[in-house]
Structure formats: structure tokens, C-alpha cells
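Colleague: Dumping the structure here so I can ask a few things about it.
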Amino acid sequence: MLDLYHWEPNGASGRVLIALEEKGLAYSSCYVDVLAFEQYRPELLELSERGEVPLLVHDGAAYTEASYLCEFLDEAFPSRPLLPSDARGRWEVRVWQKAVDDGFAASVSELAWQAYGGARGVGALAPGALCAAVERIPVEEGRELWRAAAAGLGEEQLARARSRVQEAVKKIEAQLTSAQWLAGAAYSLADVAVFPYFKYLPELCPGLVSDAATPHAMSWMRAVAARPAVRSALARGRVVDPFTVAAPGPEQVRWG
């Protein structure tokens with residue numbers, strides 16, 4: 001039995017939901033409202049001491065980290081593979097996953113939090129109540145994350161995020177100019193990794209991502225979004241459009 005604890009089907013949660021649906025696996029969908037700090041409930045901290053979401057439980061063992069988790073699913077359940085069969089193809093997938101993990105995820109998350117989080121994301125809490133709620137988070141790393149998010153992002157940080165997103169989008173568009181998918185001839189975990197962040201960008205950065213500016217990437221995005229498994233995954237949230245909400249994302253990698 002597979003139990004997936006997840007938030008809205010965007011970002012990291014979207015990656016794992018899409019992988020499960022693409023592989024046709026039966027699983028229990030356990031929604032965790034990260035804007036209400038449900039990821040820090042005692043029963044979840046017993047499974048992940050940092051309160052990480054998405055969190056997969058299989059045969060009593062807990063798994064986190066979206067890239068590794070998706071590869072675990074592909075290896076543990078080999079039907080409907082999402083990793084290429086050749087070494088070069090698997091290398092290409094991992095290069096894209098690393099690019100997402102090292103910067104693209106954090107940069108898109110920063111821009112999305114600025115646009116859709118903040119007061120909108122935790123609108124039920126007054127500023128004083130939010131600060132008090134943050135200080136009750138039982139994980140120091142979580143308190144630091146939410147303190148920074150509640151304080152807001154500076155223009156320098158946002159400019160850096162926009163620059164990193166622009167660099168990533170150029171690479172995505174360049175790759176898709178001569179290929180249908182990001183890694184090799186077939187849809188793979190590379191597409192699964194990039195899509196749940198890229199899907200934010202036409203609204204967040206319309207001058208950067210549009211039919212005029214990035215026609216190949218937009219065509220790819222629509223092709224991924226139209227896949228039945230992706231549509232099923234995107235229906236696992238509680239809002240109509242999961243790309244109009246955001247939570248604080250991962251930190252930028254400080255090396256490399």
C-alpha cells in the first residue's frame with residue numbers, strides 16, 4: 001500500500017502525484033495543508049523529523065525528497081517506466097532533476113510566494129497571529145523558513161530569482177526546439193520534474209514565458225498538461241487552479 005502525504009499538486013507534491021498517476025499505481029492521497037502548518041503534526045513528524053511534504057509511506061517505510069522519491073517509484077514498480085532504458089537517457093533525466101533541485105524550484109517558489117503567498121497564503125491569520133503560529137512550529141528549520149517567508153522577500157532576492165528563472169527557461173526552450181521531450185525521445189521524469197514549476201511561469205513571468213517568447217516550451221507545457229495522468233494528478237488539490245497558490249519553497253543551493 002502506498003500513502004502519499006502531499007499539498008496542492010504543484011511543485012514537489014505535483015511531481016510525485018504525477019509520477020504515481022503516470023505509473024498507474026493505487027495510492028492513498030492524504031492532503032496536508034502546509035499553509036496551516038499541518039506538516040508539523042506529531043504523527044507526520046514521526047515519519048519525517050523535518051516535516052517534509054511530499055512524504056510517501058510504503059510497507060511501513062517513509063520516503064522524502066521528490067527526485068529520489070520518483071526514482072524509487074520507478075525502480076520499485078518497473079511497469080510503465082519513466083526513466084529511459086539507456087544510460088545516456090538516465091543521465092539526462094538526472095541532469096534536469098538536479099537543475100530543478102538546485103535552483104529552478106527555489107527560484108520559481110520565491111516568485112510564486114511573492115505573487116500568491118504572503119497575505120493571500122495565510123490570509124486567515126493576522127500578522128501577530130501568524131508570528132505566534134510560526135513560533136509554535138516544533139521544528140527549528142521550519143520556524144526559520146516561515147519567519148523568512150512572513151518577513152517578505154527583498155527586491156534583490158526576487159531579482160536574483162527572476163534571473164535564475166530566465167536562465168532556466170532559455171535552456172528549456174533550447175532543448176525543446178529540436179526535441180519533443182526534455183530527455184531523449186520519450187516523456188520521462190525530466191518532464192515530470194520541470195512541469196510543476198514551469199506551469200506557474202506564463203502568469204508569473206508573461207514577458208519571459210509566452211507563445212511569442214517561448215513557443216516550443218509552451219507547446220510542451222500544454223502537451224504535458226493534457227496527459228490523462230497529469231490531469232488526474234492536478235485534480236488532487238483543493239483549489240481550482242493549483243498554480244494560483246504557493247507556499248515557501250526550498251532554499252537556494254549555496255554552492256555549485
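Residues are referred to by chain and number: the chain letter is A, B, ... according to the order shown in the C-alpha cells, the number counts from 1 in that chain, and ligands are numbered separately from 1 in the order shown.
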Per residue of stretch 81-169 of chain A within 12 Å of stretch 17-24 of chain A, note the shortest atom pair and the distance in Å to one decimal, counting only C-alpha atoms, and order the rows by chain and increasing residue number, as CSV.

Modeller:
```
residue,atom,partner,partner_atom,distance
A:Pro81,CA,A:Lys23,CA,7.2
A:Leu82,CA,A:Ala19,CA,7.9
A:Leu83,CA,A:Ala19,CA,10.9
```

Colleague: Skip A:Val108 itself and residues of its chain fewer than 3 positions away, then list as a ChimeraX atom specification all residues within 7 Å of it, counting only C-alpha atoms.

Modeller: /A:104-105,111-112,165,197

Colleague: What would the file look like if the residues just selected were written as a PDB file, in the first residue's frame with C-alpha atoms?

Modeller:
```pdb
ATOM      1  CA  PHE A 104      14.730  26.243 -10.542  1.00  0.00           C
ATOM      2  CA  ALA A 105      12.384  25.025  -7.799  1.00  0.00           C
ATOM      3  CA  LEU A 111       8.386  34.384  -7.258  1.00  0.00           C
ATOM      4  CA  ALA A 112       5.183  32.420  -6.641  1.00  0.00           C
ATOM      5  CA  VAL A 165      14.336  31.519 -13.908  1.00  0.00           C
ATOM      6  CA  TYR A 197       7.218  24.633 -11.602  1.00  0.00           C
TER       7      TYR A 197
END
```

Colleague: Produce a table with one row for each residue of stretch 19-93 of chain A that has an atom at most 8 Å from any atom of stretch 182-187 of chain A, each row naming the nearest atom pair and its distance in Å at one decimal; use only C-alpha atoms; arrange rows by chain and rising residue number; format as CSV.

Modeller:
```
residue,atom,partner,partner_atom,distance
A:Leu82,CA,A:Tyr187,CA,7.2
A:Pro84,CA,A:Ala186,CA,7.7
A:Gly89,CA,A:Gly184,CA,5.9
A:Glu92,CA,A:Ala183,CA,5.5
A:Val93,CA,A:Ala183,CA,5.7
```

Colleague: Pull N, CA and C atoms from the residues just selected and write them as a PDB file, in the first residue's frame.

Modeller:
```
ATOM      1  N   LEU A  82       9.399   5.482 -16.270  1.00  0.00           N
ATOM      2  CA  LEU A  82       9.559   6.913 -16.510  1.00  0.00           C
ATOM      3  C   LEU A  82      11.029   7.320 -16.590  1.00  0.00           C
ATOM      4  N   PRO A  84      14.506   6.472 -18.834  1.00  0.00           N
ATOM      5  CA  PRO A  84      14.933   5.817 -20.074  1.00  0.00           C
ATOM      6  C   PRO A  84      15.694   4.532 -19.780  1.00  0.00           C
ATOM      7  N   GLY A  89      20.240   8.383 -21.496  1.00  0.00           N
ATOM      8  CA  GLY A  89      18.932   8.954 -21.194  1.00  0.00           C
ATOM      9  C   GLY A  89      18.725   9.161 -19.696  1.00  0.00           C
ATOM     10  N   GLU A  92      20.601  12.182 -18.624  1.00  0.00           N
ATOM     11  CA  GLU A  92      19.912  13.419 -18.999  1.00  0.00           C
ATOM     12  C   GLU A  92      18.772  13.732 -18.032  1.00  0.00           C
ATOM     13  N   VAL A  93      18.016  12.711 -17.649  1.00  0.00           N
ATOM     14  CA  VAL A  93      16.941  12.918 -16.678  1.00  0.00           C
ATOM     15  C   VAL A  93      17.510  13.486 -15.382  1.00  0.00           C
TER      16      VAL A  93
END
```

Colleague: From a DSSP pass on the backbone, collect the residues of stretch 9-91 of chain A flagged as alpha helix (DSSP H) and hand them back as a PyMOL selection string.

Modeller: chain A and resi 11-22+42-45+66-76+87-91

Colleague: From the options A:Gly207, A:Gly60, A:Pro54, A:Gly117, which residue's atoms come nearest to A:Trp146, counting only C-alpha atoms?

Modeller: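 Smallest separation from A:Trp146 among the options: A:Gly117.
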
Colleague: Quick one: residues within 9 Å of A:Leu69, only C-alpha atoms, excluding same-chain residues fewer than 6 positions away - as a list in words?

Modeller: Val16, Leu55, Leu56 and Tyr63 of chain A

Colleague: Residues of the last selection are to be written out with N, CA and C atoms, as a CSV table (one decimal), in the first residue's frame.

Modeller:
```
chain,number,residue,atom,x,y,z
A,16,VAL,N,5.4,14.2,-7.5
A,16,VAL,CA,5.2,12.8,-7.0
A,16,VAL,C,3.8,12.4,-7.4
A,55,LEU,N,5.6,13.3,1.2
A,55,LEU,CA,6.1,12.2,2.0
A,55,LEU,C,5.3,10.9,1.6
A,56,LEU,N,6.1,9.9,1.2
A,56,LEU,CA,5.5,8.7,0.8
A,56,LEU,C,5.8,7.6,1.8
A,63,TYR,N,9.5,7.8,2.8
A,63,TYR,CA,10.4,8.3,1.7
A,63,TYR,C,10.1,9.8,1.5
```

Colleague: Could you check the closest approach to A:Ser28 for each of A:Tyr5, A:Tyr40, A:Phe77, A:Trp113 and tell me which residue wins, using only C-alpha atoms?

Modeller: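 Comparing A:Tyr5, A:Tyr40, A:Phe77, A:Trp113 against A:Ser28, the winner is A:Tyr5.
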
Colleague: Just how far from atom CA of A:Gly51 is atom CA of A:Gln39, in Å to one decimal?

Modeller: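 So the answer is 5.1 Å.
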
Colleague: Set the distance at 10 Å and use only C-alpha atoms: which residues neighbour stretch 41-46 of chain A once local chain neighbours fewer than 2 positions away are removed? I'd like the list as a ChimeraX atom specification.

Modeller: /A:5,32,37-39,48-53,55,62,137-139

Colleague: What is the atom CA of A:Pro248-atom CA of A:Glu110 distance in Å, reported with one decimal?

Modeller: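 Answer for the atom CA of A:Pro248 to atom CA of A:Glu110 separation: 6.9 Å.
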
Colleague: Can you work out which one of A:Ser67, A:Ala115, A:Asp59, A:Asp101 has the shortest atom-to-atom distance to A:Ala247, counting only C-alpha atoms?

Modeller: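 Comparing A:Ser67, A:Ala115, A:Asp59, A:Asp101 against A:Ala247, the winner is A:Ala115.
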
Colleague: Could you pull out the residues in stretch 9-254 of chain A that DSSP calls strand (DSSP E or B) from the backbone, as a list of chain:residue names?

Modeller: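 The strand (DSSP E or B) subset of stretch 9-254 of chain A is A:Ser28, A:Ser29, A:Cys30, A:Tyr31, A:Leu55, A:Leu56, A:Val57, A:His58, A:Ala61, A:Ala62, A:Tyr63.
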
Colleague: If I take atom CA of A:Ala66 and atom CA of A:Arg80, how far is one from the other in Å, to one decimal?

Modeller: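 Taking atom CA of A:Ala66 and atom CA of A:Arg80, their separation equals 18.5 Å.
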
Colleague: Which of these, A:Ala36, A:Ala212, A:Val224, A:Ala168, has the shortest distance to A:Asp102 once you count only C-alpha atoms?

Modeller: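 The closest residue to A:Asp102 is A:Ala168.
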
Colleague: Which one is closest to A:Val169: A:Trp7, A:Tyr27, A:Phe198, A:Tyr116? Count only C-alpha atoms.

Modeller: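 Checking each of A:Trp7, A:Tyr27, A:Phe198, A:Tyr116 against A:Val169, counting only C-alpha atoms, the winner is A:Phe198.
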